[in-house]
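Shown next: work34.txt, containing compact mmCIF, C-alpha atoms and all ligand atoms.
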# COMPACT_ATOMS: atom_id res chain seq x y z
CA LYS A 2 -12.19 26.47 16.37
CA ARG A 3 -11.93 23.46 18.61
CA LYS A 4 -15.21 22.49 20.26
CA TYR A 5 -13.73 20.23 22.91
CA PHE A 6 -10.86 20.08 25.35
CA LEU A 7 -8.47 17.18 24.79
CA VAL A 8 -10.03 15.16 27.65
CA ASP A 9 -13.45 15.43 26.00
CA ARG A 10 -12.02 14.53 22.65
CA ILE A 11 -10.46 11.44 24.19
CA ASN A 12 -13.90 10.49 25.52
CA LEU A 13 -15.10 10.33 21.92
CA ILE A 14 -12.84 7.32 21.33
CA GLN A 15 -14.81 4.14 20.98
CA ARG A 16 -13.82 0.98 22.76
CA SER A 17 -12.71 -1.42 20.10
CA LYS A 18 -15.27 -4.11 19.24
CA ILE A 19 -12.34 -6.45 18.89
CA ARG A 20 -11.53 -6.09 22.58
CA GLU A 21 -15.11 -6.77 23.67
CA LEU A 22 -15.09 -10.09 21.86
CA PHE A 23 -11.67 -10.95 23.29
CA GLU A 24 -12.97 -10.28 26.79
CA LYS A 25 -15.91 -12.59 26.26
CA ALA A 26 -13.56 -15.26 24.89
CA ARG A 27 -11.19 -14.90 27.84
CA LYS A 28 -13.94 -16.04 30.18
CA MET A 29 -14.48 -19.21 28.15
CA GLU A 30 -12.35 -22.35 28.04
CA ASN A 31 -10.65 -24.06 25.12
CA VAL A 32 -10.99 -21.10 22.74
CA ILE A 33 -8.77 -20.68 19.65
CA SER A 34 -8.24 -17.09 18.61
CA LEU A 35 -8.02 -16.21 14.94
CA GLY A 36 -8.69 -12.68 16.04
CA ILE A 37 -5.35 -11.31 16.97
CA GLY A 38 -3.35 -9.23 14.48
CA GLU A 39 0.02 -9.98 15.96
CA PRO A 40 2.92 -12.19 14.83
CA ASP A 41 3.18 -15.27 17.04
CA PHE A 42 6.93 -15.49 16.35
CA ASP A 43 9.61 -14.46 18.78
CA THR A 44 11.82 -11.50 17.82
CA PRO A 45 14.88 -12.77 15.88
CA GLN A 46 17.79 -13.55 18.21
CA VAL A 47 20.20 -11.17 16.47
CA ILE A 48 17.88 -8.24 17.32
CA LYS A 49 17.48 -9.32 20.95
CA ASP A 50 21.27 -9.64 21.26
CA ALA A 51 21.71 -6.15 19.82
CA ALA A 52 19.37 -4.69 22.47
CA LYS A 53 21.27 -6.45 25.28
CA ARG A 54 24.58 -5.25 23.87
CA ALA A 55 23.28 -1.69 23.58
CA LEU A 56 22.27 -1.75 27.23
CA ASP A 57 25.77 -2.86 28.20
CA GLU A 58 27.28 -0.19 25.97
CA GLY A 59 25.44 2.52 27.89
CA TYR A 60 22.41 3.20 25.66
CA THR A 61 20.43 4.10 28.74
CA HIS A 62 20.18 7.87 28.20
CA TYR A 63 17.82 10.34 26.55
CA THR A 64 17.97 10.29 22.77
CA PRO A 65 17.58 13.21 20.36
CA ASN A 66 13.86 14.01 19.93
CA ALA A 67 13.60 12.72 16.39
CA GLY A 68 15.49 9.53 17.25
CA ILE A 69 19.07 8.26 17.28
CA PRO A 70 20.80 9.57 14.10
CA GLU A 71 22.18 6.14 13.24
CA LEU A 72 18.69 4.62 13.17
CA ARG A 73 17.27 7.49 11.10
CA GLU A 74 20.17 6.99 8.67
CA ALA A 75 19.52 3.21 8.58
CA ILE A 76 15.84 3.85 7.79
CA ALA A 77 16.72 6.25 4.95
CA GLU A 78 19.27 3.75 3.64
CA TYR A 79 16.65 0.98 3.76
CA TYR A 80 14.28 2.99 1.55
CA ARG A 81 17.09 3.74 -0.88
CA GLU A 82 18.14 0.11 -1.14
CA PHE A 83 14.74 -1.58 -1.06
CA TYR A 84 12.68 0.85 -3.11
CA GLN A 85 15.18 3.24 -4.72
CA VAL A 86 13.50 6.16 -2.95
CA ASP A 87 15.71 9.00 -1.86
CA VAL A 88 14.91 9.73 1.79
CA ASP A 89 16.72 12.38 3.82
CA PRO A 90 17.29 11.16 7.42
CA ASN A 91 16.18 14.65 8.53
CA ASN A 92 12.68 13.73 7.36
CA VAL A 93 12.51 10.65 9.57
CA ILE A 94 11.20 10.46 13.16
CA VAL A 95 11.48 7.31 15.24
CA THR A 96 8.05 6.69 16.82
CA ALA A 97 6.38 4.35 19.29
CA GLY A 98 5.09 2.05 16.58
CA ALA A 99 3.02 2.95 13.54
CA TYR A 100 0.25 3.91 15.97
CA GLU A 101 2.17 6.97 17.08
CA ALA A 102 3.09 7.84 13.51
CA THR A 103 -0.58 7.94 12.45
CA TYR A 104 -1.55 9.92 15.56
CA LEU A 105 1.17 12.50 14.85
CA ALA A 106 -0.02 12.89 11.27
CA PHE A 107 -3.65 13.48 12.27
CA GLU A 108 -2.89 15.73 15.20
CA SER A 109 -0.32 17.91 13.47
CA LEU A 110 -2.11 18.28 10.13
CA LEU A 111 -5.83 18.37 10.80
CA GLU A 112 -7.96 20.98 12.47
CA PRO A 113 -11.70 21.34 12.99
CA GLY A 114 -13.08 22.26 9.57
CA ASP A 115 -10.69 19.93 7.73
CA ASP A 116 -11.85 16.62 6.32
CA VAL A 117 -9.96 13.37 6.11
CA ILE A 118 -10.85 10.53 3.76
CA ILE A 119 -10.70 7.11 5.42
CA PRO A 120 -11.41 3.93 3.46
CA ASP A 121 -14.19 1.62 4.64
CA PRO A 122 -13.30 -0.99 5.85
CA ALA A 123 -10.11 0.23 7.55
CA PHE A 124 -7.89 -0.54 10.50
CA VAL A 125 -9.51 0.76 13.68
CA CYS A 126 -7.21 3.58 14.79
CA TYR A 127 -7.69 6.08 11.94
CA VAL A 128 -11.28 7.01 12.79
CA GLU A 129 -10.38 7.47 16.44
CA ASP A 130 -7.34 9.58 15.49
CA ALA A 131 -9.65 11.73 13.37
CA LYS A 132 -12.05 12.23 16.28
CA ILE A 133 -9.21 13.40 18.51
CA SER A 134 -8.15 15.92 15.90
CA GLU A 135 -11.83 16.94 15.42
CA ALA A 136 -11.53 16.53 11.66
CA GLY A 137 -14.57 15.61 9.55
CA ILE A 138 -14.51 11.99 8.42
CA LEU A 139 -15.41 10.93 4.87
CA ARG A 140 -15.48 7.19 4.30
CA ILE A 141 -14.68 5.90 0.84
CA PRO A 142 -15.86 2.33 0.19
CA LEU A 143 -13.41 -0.37 -0.77
CA ARG A 144 -15.13 -2.77 -3.13
CA GLU A 145 -14.47 -6.42 -3.75
CA GLU A 146 -14.93 -5.95 -7.50
CA ASN A 147 -11.99 -3.53 -7.38
CA ASP A 148 -9.91 -5.94 -5.24
CA PHE A 149 -10.41 -3.64 -2.26
CA MET A 150 -8.17 -0.98 -3.77
CA ILE A 151 -9.18 2.67 -3.55
CA ASN A 152 -10.84 3.65 -6.82
CA PRO A 153 -9.10 6.84 -8.04
CA ASP A 154 -12.30 8.13 -9.73
CA GLU A 155 -14.28 7.72 -6.53
CA LEU A 156 -11.49 9.43 -4.64
CA VAL A 157 -11.68 12.49 -6.90
CA GLU A 158 -15.47 12.59 -6.42
CA THR A 159 -15.05 12.48 -2.64
CA ILE A 160 -12.48 15.29 -2.38
CA THR A 161 -13.83 18.71 -1.43
CA LYS A 162 -12.16 22.02 -0.61
CA ARG A 163 -11.98 20.92 2.99
CA THR A 164 -10.17 17.66 2.28
CA ARG A 165 -6.67 17.74 3.66
CA MET A 166 -5.64 14.10 3.87
CA ILE A 167 -6.44 10.58 2.70
CA VAL A 168 -5.46 7.47 4.63
CA MET A 169 -4.12 4.45 2.78
CA ASN A 170 -3.03 1.08 4.12
CA TYR A 171 -1.61 -1.57 1.79
CA PRO A 172 -1.02 -4.47 2.26
CA ASN A 173 -4.37 -4.01 3.92
CA ASN A 174 -5.75 -4.81 7.31
CA PRO A 175 -8.46 -6.22 7.32
CA THR A 176 -8.87 -7.40 3.70
CA GLY A 177 -5.37 -8.68 2.86
CA ALA A 178 -5.58 -6.64 -0.35
CA ILE A 179 -2.54 -5.08 -1.98
CA LEU A 180 -2.16 -2.00 -4.17
CA ASP A 181 -1.13 -2.21 -7.80
CA LYS A 182 1.35 0.19 -9.36
CA LYS A 183 -1.21 1.85 -11.61
CA THR A 184 -3.44 2.76 -8.66
CA ALA A 185 -0.48 3.89 -6.54
CA LYS A 186 0.57 6.22 -9.37
CA ALA A 187 -2.97 7.49 -9.95
CA ILE A 188 -3.54 8.29 -6.29
CA GLY A 189 -0.12 9.93 -6.03
CA GLN A 190 -1.05 12.17 -8.96
CA ILE A 191 -4.42 13.05 -7.42
CA ALA A 192 -2.72 13.96 -4.12
CA GLU A 193 -0.41 16.34 -5.97
CA ASP A 194 -3.13 17.81 -8.20
CA TYR A 195 -5.55 18.44 -5.33
CA ASN A 196 -2.85 19.31 -2.80
CA ILE A 197 -3.81 16.73 -0.18
CA TYR A 198 -1.63 14.60 2.02
CA VAL A 199 -1.55 10.83 1.83
CA LEU A 200 -1.06 9.12 5.17
CA SER A 201 0.22 5.75 4.03
CA ASP A 202 0.37 3.13 6.78
CA GLU A 203 2.55 0.29 5.51
CA PRO A 204 3.50 -2.05 8.37
CA TYR A 205 2.75 -5.23 6.34
CA GLU A 206 4.98 -4.29 3.38
CA HIS A 207 7.00 -7.51 3.60
CA PHE A 208 4.14 -9.96 3.87
CA LEU A 209 3.25 -10.48 0.22
CA TYR A 210 2.15 -13.66 -1.59
CA ASP A 211 1.89 -15.02 -5.14
CA ASP A 212 4.67 -12.76 -6.47
CA ALA A 213 2.88 -9.63 -5.23
CA LYS A 214 4.96 -6.45 -4.98
CA HIS A 215 4.73 -3.48 -2.67
CA TYR A 216 4.53 0.04 -4.09
CA PRO A 217 5.28 2.52 -1.29
CA MET A 218 3.28 5.74 -1.72
CA ILE A 219 6.35 7.82 -0.87
CA LYS A 220 7.65 6.85 -4.29
CA TYR A 221 4.55 8.13 -6.09
CA ALA A 222 3.83 11.34 -4.15
CA PRO A 223 7.09 12.16 -2.34
CA ASP A 224 6.08 15.71 -1.42
CA ASN A 225 2.62 14.71 -0.19
CA THR A 226 3.15 11.41 1.59
CA ILE A 227 3.40 10.85 5.29
CA LEU A 228 4.58 7.31 5.72
CA ALA A 229 3.79 5.33 8.86
CA ASN A 230 5.78 2.16 9.28
CA SER A 231 6.84 -0.18 12.00
CA PHE A 232 9.20 -2.91 13.15
CA SER A 233 6.22 -4.60 14.88
CA LYS A 234 5.09 -6.95 12.12
CA THR A 235 8.20 -7.16 9.93
CA PHE A 236 10.51 -8.31 12.71
CA ALA A 237 7.90 -9.66 15.18
CA MET A 238 8.61 -6.80 17.59
CA THR A 239 5.13 -5.64 18.63
CA GLY A 240 6.01 -5.17 22.30
CA TRP A 241 9.15 -3.19 21.60
CA ARG A 242 7.08 -0.25 20.33
CA LEU A 243 9.41 0.72 17.53
CA GLY A 244 8.18 2.43 14.40
CA PHE A 245 8.86 5.50 12.31
CA THR A 246 7.39 8.16 10.11
CA ILE A 247 8.82 9.83 7.05
CA ALA A 248 7.22 13.12 6.11
CA PRO A 249 7.89 16.18 3.95
CA GLU A 250 9.89 19.03 5.46
CA GLN A 251 6.86 21.29 6.03
CA VAL A 252 5.24 18.57 8.16
CA ILE A 253 8.09 16.90 10.02
CA ASN A 254 8.92 19.83 12.32
CA GLY A 255 5.43 19.99 13.81
CA MET A 256 5.37 16.23 14.18
CA THR A 257 8.72 16.29 15.99
CA LYS A 258 7.46 18.85 18.54
CA LEU A 259 4.32 16.85 19.29
CA HIS A 260 6.38 13.68 19.54
CA ALA A 261 8.95 15.21 21.88
CA TYR A 262 6.65 17.07 24.25
CA ILE A 263 3.47 15.01 24.26
CA ILE A 264 4.66 11.47 23.70
CA GLY A 265 8.37 11.15 24.42
CA ASN A 266 11.07 9.19 22.69
CA VAL A 267 11.45 5.48 22.10
CA THR A 268 13.84 3.74 24.52
CA SER A 269 17.44 4.24 23.44
CA PHE A 270 18.58 0.59 23.46
CA VAL A 271 15.45 -0.39 21.52
CA GLN A 272 16.39 2.15 18.85
CA MET A 273 19.89 0.64 18.65
CA ALA A 274 18.37 -2.82 18.17
CA GLY A 275 16.41 -1.26 15.30
CA VAL A 276 19.68 -0.40 13.55
CA THR A 277 20.68 -4.07 13.71
CA ALA A 278 17.23 -5.18 12.53
CA LEU A 279 17.63 -3.08 9.38
CA ARG A 280 21.31 -3.66 8.69
CA ASP A 281 22.09 -7.22 9.73
CA LYS A 282 21.69 -9.95 7.12
CA ARG A 283 20.51 -12.41 9.79
CA SER A 284 17.45 -10.37 10.72
CA TRP A 285 16.37 -10.32 7.05
CA GLU A 286 16.88 -14.07 6.86
CA ALA A 287 14.52 -14.36 9.83
CA VAL A 288 11.99 -12.15 7.99
CA GLU A 289 12.25 -14.45 4.95
CA ASN A 290 11.50 -17.46 7.15
CA MET A 291 8.49 -15.75 8.74
CA LYS A 292 7.24 -14.81 5.27
CA LYS A 293 7.52 -18.41 4.14
CA THR A 294 5.61 -19.63 7.16
CA TYR A 295 2.85 -17.05 6.65
CA ALA A 296 2.61 -18.10 3.01
CA GLU A 297 2.18 -21.75 4.04
CA ARG A 298 -0.42 -20.84 6.63
CA ARG A 299 -2.30 -18.74 4.12
CA ASN A 300 -2.46 -21.69 1.74
CA LEU A 301 -3.53 -23.98 4.54
CA ALA A 302 -6.27 -21.54 5.59
CA LEU A 303 -7.49 -21.08 2.01
CA ARG A 304 -7.58 -24.84 1.48
CA HIS A 305 -9.69 -25.36 4.58
CA LEU A 306 -11.96 -22.41 3.86
CA SER A 307 -12.70 -23.69 0.35
CA GLU A 308 -14.42 -26.66 2.01
CA ILE A 309 -16.41 -24.67 4.52
CA PRO A 310 -19.98 -23.94 3.46
CA HIS A 311 -21.49 -20.43 3.68
CA LEU A 312 -18.19 -18.55 3.75
CA LYS A 313 -16.78 -16.96 0.59
CA VAL A 314 -13.22 -15.81 0.74
CA PHE A 315 -11.47 -12.84 -0.88
CA LYS A 316 -8.08 -14.27 -1.85
CA PRO A 317 -5.54 -12.14 0.02
CA LYS A 318 -2.21 -11.14 -1.50
CA GLY A 319 -0.72 -9.54 1.60
CA ALA A 320 -0.63 -9.12 5.41
CA PHE A 321 -1.83 -12.12 7.46
CA TYR A 322 -5.60 -11.76 7.28
CA ILE A 323 -8.41 -13.36 5.34
CA TRP A 324 -11.57 -11.37 4.66
CA ALA A 325 -14.48 -13.74 4.30
CA LYS A 326 -18.07 -13.05 3.32
CA ILE A 327 -20.88 -14.62 5.30
CA ASP A 328 -23.56 -16.17 3.11
CA PRO A 329 -26.41 -13.59 3.09
CA GLU A 330 -28.87 -16.51 3.20
CA LEU A 331 -27.81 -17.11 6.81
CA ASN A 332 -29.35 -13.75 7.58
CA MET A 333 -26.85 -12.95 10.33
CA THR A 334 -25.00 -9.73 11.02
CA SER A 335 -21.23 -9.92 11.32
CA GLU A 336 -21.47 -9.52 15.08
CA ASP A 337 -24.14 -12.20 15.41
CA PHE A 338 -22.01 -14.51 13.32
CA ALA A 339 -18.77 -13.88 15.27
CA ASN A 340 -20.62 -14.39 18.56
CA TRP A 341 -22.28 -17.55 17.28
CA LEU A 342 -18.94 -18.91 16.07
CA LEU A 343 -17.38 -18.22 19.46
CA GLU A 344 -20.15 -20.07 21.25
CA GLU A 345 -20.60 -22.91 18.78
CA ALA A 346 -17.00 -23.52 17.64
CA ARG A 347 -15.02 -21.73 20.35
CA VAL A 348 -13.14 -19.81 17.67
CA VAL A 349 -12.61 -16.06 17.71
CA VAL A 350 -12.91 -14.13 14.45
CA ILE A 351 -13.44 -10.39 14.16
CA PRO A 352 -16.78 -9.05 12.90
CA GLY A 353 -16.23 -6.95 9.78
CA THR A 354 -18.16 -4.03 11.27
CA ALA A 355 -15.24 -3.41 13.65
CA PHE A 356 -13.59 -1.86 10.57
CA GLY A 357 -16.52 0.18 9.22
CA LYS A 358 -20.07 -0.10 7.87
CA GLN A 359 -18.88 -1.76 4.67
CA GLY A 360 -17.61 -4.61 6.82
CA GLU A 361 -21.20 -5.72 7.51
CA GLY A 362 -21.58 -9.26 6.22
CA TRP A 363 -17.85 -10.00 6.51
CA ILE A 364 -15.44 -11.40 9.09
CA ARG A 365 -11.68 -11.06 9.46
CA ILE A 366 -9.68 -14.21 10.11
CA SER A 367 -6.04 -13.86 11.20
CA TYR A 368 -3.63 -16.65 10.35
CA ALA A 369 -0.81 -15.39 12.59
CA THR A 370 -1.29 -18.63 14.53
CA LYS A 371 0.52 -21.98 14.68
CA GLU A 372 -0.43 -24.54 12.00
CA GLU A 373 -1.89 -27.11 14.44
CA LEU A 374 -4.16 -24.51 15.99
CA LEU A 375 -5.18 -23.17 12.60
CA THR A 376 -6.10 -26.66 11.43
CA GLU A 377 -8.06 -27.36 14.60
CA ALA A 378 -9.85 -24.00 14.33
CA PHE A 379 -10.90 -24.57 10.72
CA GLU A 380 -12.11 -28.09 11.51
CA ARG A 381 -14.23 -26.66 14.30
CA ILE A 382 -15.61 -23.92 12.03
CA LYS A 383 -16.41 -26.51 9.37
CA ARG A 384 -18.28 -28.74 11.81
CA ALA A 385 -20.25 -25.80 13.15
CA MET A 386 -21.12 -24.51 9.68
CA GLU A 387 -22.20 -27.92 8.43
CA LYS A 388 -24.51 -28.18 11.40
N1 LIG B 1 -1.43 -0.03 11.29
C1 LIG B 1 -2.01 -1.19 10.97
C2 LIG B 1 -2.66 -1.34 9.64
C3 LIG B 1 -2.01 -2.26 11.88
O1 LIG B 1 -2.60 -3.42 11.55
C4 LIG B 1 -1.39 -2.08 13.14
C5 LIG B 1 -1.41 -3.15 14.15
O2 LIG B 1 -2.17 -4.09 14.10
C6 LIG B 1 -0.80 -0.85 13.42
C7 LIG B 1 -0.83 0.15 12.47
C8 LIG B 1 -0.11 -0.56 14.72
O3 LIG B 1 1.15 -1.11 14.70
P1 LIG B 1 2.32 -0.70 15.72
O4 LIG B 1 2.55 -1.89 16.58
O5 LIG B 1 3.48 -0.42 14.82
O6 LIG B 1 1.91 0.51 16.46

I need this file expressed as structure tokens, please.
Amino acid sequence: KRKYFLVDRINLIQRSKIRELFEKARKMENVISLGIGEPDFDTPQVIKDAAKRALDEGYTHYTPNAGIPELREAIAEYYREFYQVDVDPNNVIVTAGAYEATYLAFESLLEPGDDVIIPDPAFVCYVEDAKISEAGILRIPLREENDFMINPDELVETITKRTRMIVMNYPNNPTGAILDKKTAKAIGQIAEDYNIYVLSDEPYEHFLYDDAKHYPMIKYAPDNTILANSFSKTFAMTGWRLGFTIAPEQVINGMTKLHAYIIGNVTSFVQMAGVTALRDKRSWEAVENMKKTYAERRNLALRHLSEIPHLKVFKPKGAFYIWAKIDPELNMTSEDFANWLLEEARVVVIPGTAFGKQGEGWIRISYATKEELLTEAFERIKRAMEK
């Protein structure tokens, strides 16, 4: 039985530590932020043109609850072509970003008495989603020695009769880790054997480096996976609020009701622009260019960081983040360190503890920033650290 009304459950949500630091930084001058997890690119022109055209063509009305059929078809087609996964458009809902997709999964699947397994560290919204659904939270550590992948043996040990779902997110925010095929398969098998759902949040699927590949969980546990994905990062469309979820038949109907009556549908002309994003060659060329730029920035960041004392980097293979370990000899918590760096170097990084207890001793550095600013930021960090 639920203990709280929805308003009380919402009060359980924690203010993000990331925002607190941003607010402090906003009051200071000459600060460079390596904190933000948002592409600095503009949305590709072909997608913007499609939205303007859709407006002129009368896409100003309500849409079907699950989304415009053409977009749901384009999403299914994309999975078929990119990953050879057979997706039925009926199992797709267009959502307000991946955020809504994860919320729908938690709220429609979990009840008080159910447990959800959330990796530690993890992106900030899953724990808050779990609180709203009043599910029990089990954190499973991600370890550097295992390249920050979920260890299937540890997963099996963590599962109990109450476990209903596990959250996965590769390429990973905050570590930049990716998932290998063997682990994807193993976790898919565990989900089937133990009858649990996998909420797989994959908005960074295209940002991969050093020949890394993406293995979407929907391929390895098709009947158990709820996929959350988004146009936000892939096409630099964060403010458009366009994402989607793909879920098995027994789940999608409940999600659609919640989406329609509690949240509401994504703007119709934005959905039409989504069709162009997925189907037009030019938007994929723009993605390729963004990927190339991220790859160059990653190399630039790694080069600089290799010369900075007291920070040890986990070499990322995906997303646009670097997870760096603070030398324990400095005897500083992640928050102390991030605050010190803001004051001493005027650079914002995110304390690892924003993502869970295992993040203590780490910071997250985002390289979704222009090269000149990145260079300047790393020079400042270096000077401060040498001091
Ligand atoms: N999931 C992860 C792992 C993210 O990093 C983010 C944004 O930073 C989101 C979901 C939310 O993305 P969206 O803009 O699609 O809601």

Counting all atoms listed in the file, give me one row per residue of chain A with an atom at most 7 Å from an atom of ligand LIG 1 (chain B), showing the shortest contact pair and its distance in Å to one decimal, sorted by chain then residue number, as CSV.
residue,atom,partner,partner_atom,distance
A:Gly38,CA,B:LIG1,O2,5.3
A:Glu39,CA,B:LIG1,O2,6.6
A:Ala97,CA,B:LIG1,O6,6.5
A:Gly98,CA,B:LIG1,O5,3.4
A:Ala99,CA,B:LIG1,O5,3.6
A:Tyr100,CA,B:LIG1,O6,3.8
A:Glu101,CA,B:LIG1,O6,6.5
A:Phe124,CA,B:LIG1,C2,5.4
A:Asn170,CA,B:LIG1,C2,6.0
A:Asn173,CA,B:LIG1,C2,6.5
A:Asn174,CA,B:LIG1,C2,5.2
A:Asp202,CA,B:LIG1,N1,5.8
A:Glu203,CA,B:LIG1,C2,6.8
A:Pro204,CA,B:LIG1,N1,6.1
A:Asn230,CA,B:LIG1,O5,6.5
A:Ser231,CA,B:LIG1,O5,4.4
A:Phe232,CA,B:LIG1,O5,6.5
A:Ser233,CA,B:LIG1,O4,4.9
A:Thr239,CA,B:LIG1,O4,5.0
A:Arg242,CA,B:LIG1,O4,6.1
A:Leu243,CA,B:LIG1,O5,6.6
A:Gly244,CA,B:LIG1,O5,5.5

For this session: Excluding Thr176 in chain A and any residue of its chain fewer than 2 positions from it, enumerate the residues within 12 Å of it, using all atoms listed in the file, and give them as a ChimeraX atom specification.
Result: /A:120-124,143-145,148-150,170-174,178-180,314-326,351,353,356,359-360,363-367

Generate the output file for the selected residues, C-alpha atoms, as an mmCIF file, in the coordinates of the input.
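Wrote out_22.cif, looks like this:
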data_model
loop_
_atom_site.group_PDB
_atom_site.id
_atom_site.type_symbol
_atom_site.label_atom_id
_atom_site.label_comp_id
_atom_site.auth_asym_id
_atom_site.auth_seq_id
_atom_site.Cartn_x
_atom_site.Cartn_y
_atom_site.Cartn_z
ATOM 1 C CA PRO A 120 -11.410 3.930 3.460
ATOM 2 C CA ASP A 121 -14.190 1.620 4.640
ATOM 3 C CA PRO A 122 -13.300 -0.990 5.850
ATOM 4 C CA ALA A 123 -10.110 0.230 7.550
ATOM 5 C CA PHE A 124 -7.890 -0.540 10.500
ATOM 6 C CA LEU A 143 -13.410 -0.370 -0.770
ATOM 7 C CA ARG A 144 -15.130 -2.770 -3.130
ATOM 8 C CA GLU A 145 -14.470 -6.420 -3.750
ATOM 9 C CA ASP A 148 -9.910 -5.940 -5.240
ATOM 10 C CA PHE A 149 -10.410 -3.640 -2.260
ATOM 11 C CA MET A 150 -8.170 -0.980 -3.770
ATOM 12 C CA ASN A 170 -3.030 1.080 4.120
ATOM 13 C CA TYR A 171 -1.610 -1.570 1.790
ATOM 14 C CA PRO A 172 -1.020 -4.470 2.260
ATOM 15 C CA ASN A 173 -4.370 -4.010 3.920
ATOM 16 C CA ASN A 174 -5.750 -4.810 7.310
ATOM 17 C CA ALA A 178 -5.580 -6.640 -0.350
ATOM 18 C CA ILE A 179 -2.540 -5.080 -1.980
ATOM 19 C CA LEU A 180 -2.160 -2.000 -4.170
ATOM 20 C CA VAL A 314 -13.220 -15.810 0.740
ATOM 21 C CA PHE A 315 -11.470 -12.840 -0.880
ATOM 22 C CA LYS A 316 -8.080 -14.270 -1.850
ATOM 23 C CA PRO A 317 -5.540 -12.140 0.020
ATOM 24 C CA LYS A 318 -2.210 -11.140 -1.500
ATOM 25 C CA GLY A 319 -0.720 -9.540 1.600
ATOM 26 C CA ALA A 320 -0.630 -9.120 5.410
ATOM 27 C CA PHE A 321 -1.830 -12.120 7.460
ATOM 28 C CA TYR A 322 -5.600 -11.760 7.280
ATOM 29 C CA ILE A 323 -8.410 -13.360 5.340
ATOM 30 C CA TRP A 324 -11.570 -11.370 4.660
ATOM 31 C CA ALA A 325 -14.480 -13.740 4.300
ATOM 32 C CA LYS A 326 -18.070 -13.050 3.320
ATOM 33 C CA ILE A 351 -13.440 -10.390 14.160
ATOM 34 C CA GLY A 353 -16.230 -6.950 9.780
ATOM 35 C CA PHE A 356 -13.590 -1.860 10.570
ATOM 36 C CA GLN A 359 -18.880 -1.760 4.670
ATOM 37 C CA GLY A 360 -17.610 -4.610 6.820
ATOM 38 C CA TRP A 363 -17.850 -10.000 6.510
ATOM 39 C CA ILE A 364 -15.440 -11.400 9.090
ATOM 40 C CA ARG A 365 -11.680 -11.060 9.460
ATOM 41 C CA ILE A 366 -9.680 -14.210 10.110
ATOM 42 C CA SER A 367 -6.040 -13.860 11.200
#

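Once Tyr80 in chain A and its same-chain neighbours fewer than 2 positions away are set aside, Arg73, Glu74, Ala75, Ile76, Ala77, Glu78, Glu82, Phe83, Tyr84, Gln85, Val86, Asp87, Val88, Asp89, Pro90, Val93, Glu206, Tyr216, Pro217, Met218, Ile219, Lys220, Leu228, Asn230, Ile247 and Leu279 of chain A remain within 12 Å of it when counting all atoms listed in the file.
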
For this session: Just give me the residues with any atom within 7 Å of (20.2, 4.5, 17.6), file coordinates, counting only C-alpha atoms, written as a ChimeraX atom specification.
Result: /A:68-72,269,272-273,276

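CA of Phe23 in chain A is found 23.9 Å from CA of Leu303 in chain A.
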
Counting only C-alpha atoms, which residues of range 330-365 of chain A sit at most 8 Å from some atom of range 382-388 of chain A, and what is each one's closest atom pair with its distance in Å to one decimal, listed by chain and rising residue number, as a tab-separated table?
residue	atom	partner	partner_atom	distance
A:Leu342	CA	A:Ile382	CA	7.2
A:Glu345	CA	A:Ala385	CA	6.3
A:Ala346	CA	A:Ile382	CA	5.8
A:Val348	CA	A:Ile382	CA	7.4

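Separating CA of Ser284 in chain A from CA of Lys234 in chain A is a distance of 12.9 Å.
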
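Excluding range 186-191 of chain A and any residue on its chain fewer than 5 positions from it, the residues at most 9 Å away by only C-alpha atoms are Ile151, Asn152, Pro153, Leu156, Val157, Asp181, Asn196, Ile197, Val199, Met218, Ile219, Lys220, Tyr221, Ala222, Pro223, Asn225 and Thr226 of chain A.
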
For this session: Could you give me, as an MDAnalysis selection string, the residues that have an atom at most 10 Å away from the point (-11.1, 17.4, -3.3) in the coordinates of the file, using all atoms listed in the file?
Result: chainID A and resid 116 118 156:166 191:192 194:197

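Between CA of Thr103 in chain A and CA of Ala229 in chain A the separation is 6.2 Å.
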